[in-house]
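Report on one structure; see the data block that follows.
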Amino acid sequence: MSQLADVLEARSQELLQRWGRAVREHLAPGSPSPVELEAPLALFLQRLQRALRGQAPVDHEQGARRSRWGVELGGRVRAYGLLRDLVWELIEQEDIPVSLSEARRWTDVVALAVAEAVEEMDGAGSQAEDERARLNALFTQAPMAIAVIRGPELVVEVANPSMLRIWGRSAEEAVGRLLWDVLPELKDQAFDGLLRGVLATGTPFVATEMEVRIARGAGGTLETGYFNFVYQPLRDARGRIDAVLTLATEVSEMVLARQLTENLLVRSQQAERARGALLDALADQSLVGVGYQRGPELAFETANSVYQRLVGREVVGQPVERALPELDGQGFLTRMRQVFETGAPDVGREVSTTLSPAPGERPRERLLDFAHQPVCASDGHIDGILTLVLDVTEQVRLRQEAQRLEAEQRRRNDFEQYLIGIVSHDLRGPLSTILLGLQVLLRRELDAPTLEALVRLRSNTERAVRMVRDLLDFTQARLGGGLRISREPMDVHALVRGVVEEHALTHPERELLLEQRGDGRGAWDADRLAQLVGNLLGNALKYSPPDGPVTVRGVGEDGQVFLEVHNGGTPIAPEALARLFQPLQRAVDGPDPAGRSVGLGLYIVEQIVRAHGGDIRVVSSALEGTTFSVRLPRGP
């Protein structure tokens, strides 16, 4: 329904009287009498009311409009302007809201009425020249953009200043020229077809808020505008359509303002829906406590089940100060008010909080992670605070317990390593004395059983010495930050050759192969490298088939030397490769076939390599066997 149309209908008599008086005052002498004007004025007002309501005009209005005005064109247009002024005065007095659609329908009614008046004038015959002169004056002064496009060639016959401003052309650039020479950018926007359709059919074309791209910017750049316009056919004295009257008003500012308002409204609605969806999603989750406190009083608008279980009470609908009074003495309310006033978020980690779940229950101390996030309304002011709370009491307790156990285990490991260091150091002296005594005894003339016993005793003592040495190295590497080395110039090829010959004497039943090439000179710790090669060679002999060869290679290249120890046999399992160089680990699972390994040999090998600034790697497969590869820089 149209409130404006209802007011016009209710006050039509008053409006007609005022309009009639105004029209008579502005018409030329000899114009129709008040009685003669009353009927056409009433019919036009009725037509306007029906248009505002979105209704079509009745048939009898058409004839009445043409036969009863009896007023020249200029006077008729002035009458429409007087009606416009009276209606706007009525709108202001009654504070009547006018929608955009009502404004467009009002404009269309007036535009069509002017077009019909021009058509009547154009067919008048004997009065044509006088009327055309008056029409040109009217065109020039009219607030509406008016143009006449003549003939099938679409020549711009008339264009008033308002239309020229819309086109962005001067009268010299437009009048008397072909329309598409004046406005070539419009031809591909369907206007050619619209104009020729009106010329061919005689049916007017009415457009509302039509988007048009027109070259009226600086340098002829295209601009987008929005227009209400009418293409009304004009007939000559014989009734043939030979021109089109164009009446237009630009509504770009109104359309853009409405679009901006609509976009802002849509974005506001989307933001509100997004905020509601966020709050709903947060409220539905079961891990984090969620509450929303709104307004200066920070009243709870929502609080999910996790939040209410945490505080032990119902809080929705209450200001936070009344819902959770115990928080005031702990600084939380002050922090929340600062968030609301400043808009700066507030975050806390593992904050000790005392909660009083219910009357009569003992207060509970909890550790909380929380965030107070300001939430802004569409106009930018702070609407409330979104509170996220996570009870981390149990997690903190478990972490602290794990840290305590870790520290205790570290102290235990340090003590064990310290104890190993002390014991192994204290064992080293007695074992060295025993080994020295055995070597003295073995130089004497002894019977076979005694000699055999002393040989076995020496072998076991040497094994014990090696184990003590490994334990000392392990203790130094773990407690001392790595093995200490003493570099001296040497030839690594000679050292490796000596270690291989030593193992050949103690393992005469095994085939040992030695391959060497390149320059073997550099600066290393000779004792540590002998220990490295001995450990790798002993490992290869221990875990390879008795009838299979063990190969040792040494290659000198540029600033580094490569050492390799290769053996066949069962490959090292992939899961064992990952922990091969860790302490107390061995290359294979199960018992030590030689019965003399504590799993420190490869760990010490890696520590020696690291101390020299090198690296070590191992590859092992059933087809290729097992190869330990060591890279050693020649020196610092």
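Residue numbers start at 1 in each chain; chains themselves are named A, B, ... in the order of the structure tokens; ligands are numbered from 1 in the order shown.
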ask   = If you run DSSP on the backbone, which residues of range 431-631 of chain A are strand (DSSP E), as a PyMOL selection string?
value = chain A and resi 488-491+512-517+521-524+550-557+560-567+615-621+625-631
inquiry  = Using DSSP secondary structure from the backbone, list all helix (DSSP H, G or I) positions within range 303-409 of chain A, as a PyMOL selection string.
reply    = chain A and resi 305-311+320-323+325-330+332-342+393-409
query = Pick from A:Val156, A:Leu327, A:Ala303, A:Leu4: nearest to Pro97 in chain A, with only C-alpha atoms counted?
reply =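 Selected residue with least distance to Pro97 in chain A: A:Leu4.
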Surrounding residues of range 535-543 of chain A excluding itself and chain neighbours under 6 positions, 7 Å, only C-alpha atoms, as JSON, numbers by chain = {"A": [550, 565, 567, 601]}
Neighbour list for Ala147 in chain A as a PDB file with N, CA and C atoms, in the first residue's frame, cut-off 6 Å, only C-alpha atoms, skip fewer than 5 positions in-chain:
```pdb
ATOM      1  N   VAL A 158      16.311  18.065 -31.319  1.00  0.00           N
ATOM      2  CA  VAL A 158      16.272  18.984 -30.181  1.00  0.00           C
ATOM      3  C   VAL A 158      16.916  18.292 -28.997  1.00  0.00           C
ATOM      4  N   ALA A 159      17.686  19.050 -28.226  1.00  0.00           N
ATOM      5  CA  ALA A 159      18.221  18.526 -26.969  1.00  0.00           C
ATOM      6  C   ALA A 159      18.390  19.694 -26.022  1.00  0.00           C
ATOM      7  N   LEU A 245      10.254  11.213 -28.711  1.00  0.00           N
ATOM      8  CA  LEU A 245      10.507  12.165 -27.641  1.00  0.00           C
ATOM      9  C   LEU A 245      11.163  11.415 -26.482  1.00  0.00           C
ATOM     10  N   THR A 246      12.303  11.937 -26.038  1.00  0.00           N
ATOM     11  CA  THR A 246      13.029  11.324 -24.922  1.00  0.00           C
ATOM     12  C   THR A 246      12.938  12.234 -23.710  1.00  0.00           C
TER      13      THR A 246
END
```
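Take the candidates A:Thr461, A:Thr334, A:Asp328, A:Gly554 and check each one against Thr433 in chain A using only C-alpha atoms; the shortest distance goes to A:Thr461.
If only C-alpha atoms are the atoms counted, then among A:Ala407, A:Leu264, A:Val155, A:Val148 the closest residue to Ala248 in chain A is A:Val148.
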Neighbour list for Leu90 in chain A as number ranges by chain, cut-off 9 Å, only C-alpha atoms, skip fewer than 5 positions in-chain = A: 7-8, 85, 95-96
Can you spit out the residues from that selection as a compact mmCIF listing (two decimals), in the first residue's frame, using N, CA and C atoms?
```
# COMPACT_ATOMS: atom_id res chain seq x y z
N VAL A 7 -3.17 9.52 1.30
CA VAL A 7 -3.31 10.93 1.73
C VAL A 7 -3.83 11.78 0.57
N LEU A 8 -3.31 11.54 -0.64
CA LEU A 8 -3.80 12.30 -1.81
C LEU A 8 -5.29 12.08 -2.04
N ASP A 85 4.98 20.92 -6.39
CA ASP A 85 5.27 21.76 -5.22
C ASP A 85 4.24 21.54 -4.13
N ASP A 95 4.60 14.67 7.29
CA ASP A 95 5.73 13.76 7.55
C ASP A 95 5.46 12.37 6.95
N ILE A 96 5.13 12.36 5.64
CA ILE A 96 4.76 11.12 4.95
C ILE A 96 6.03 10.48 4.39
```
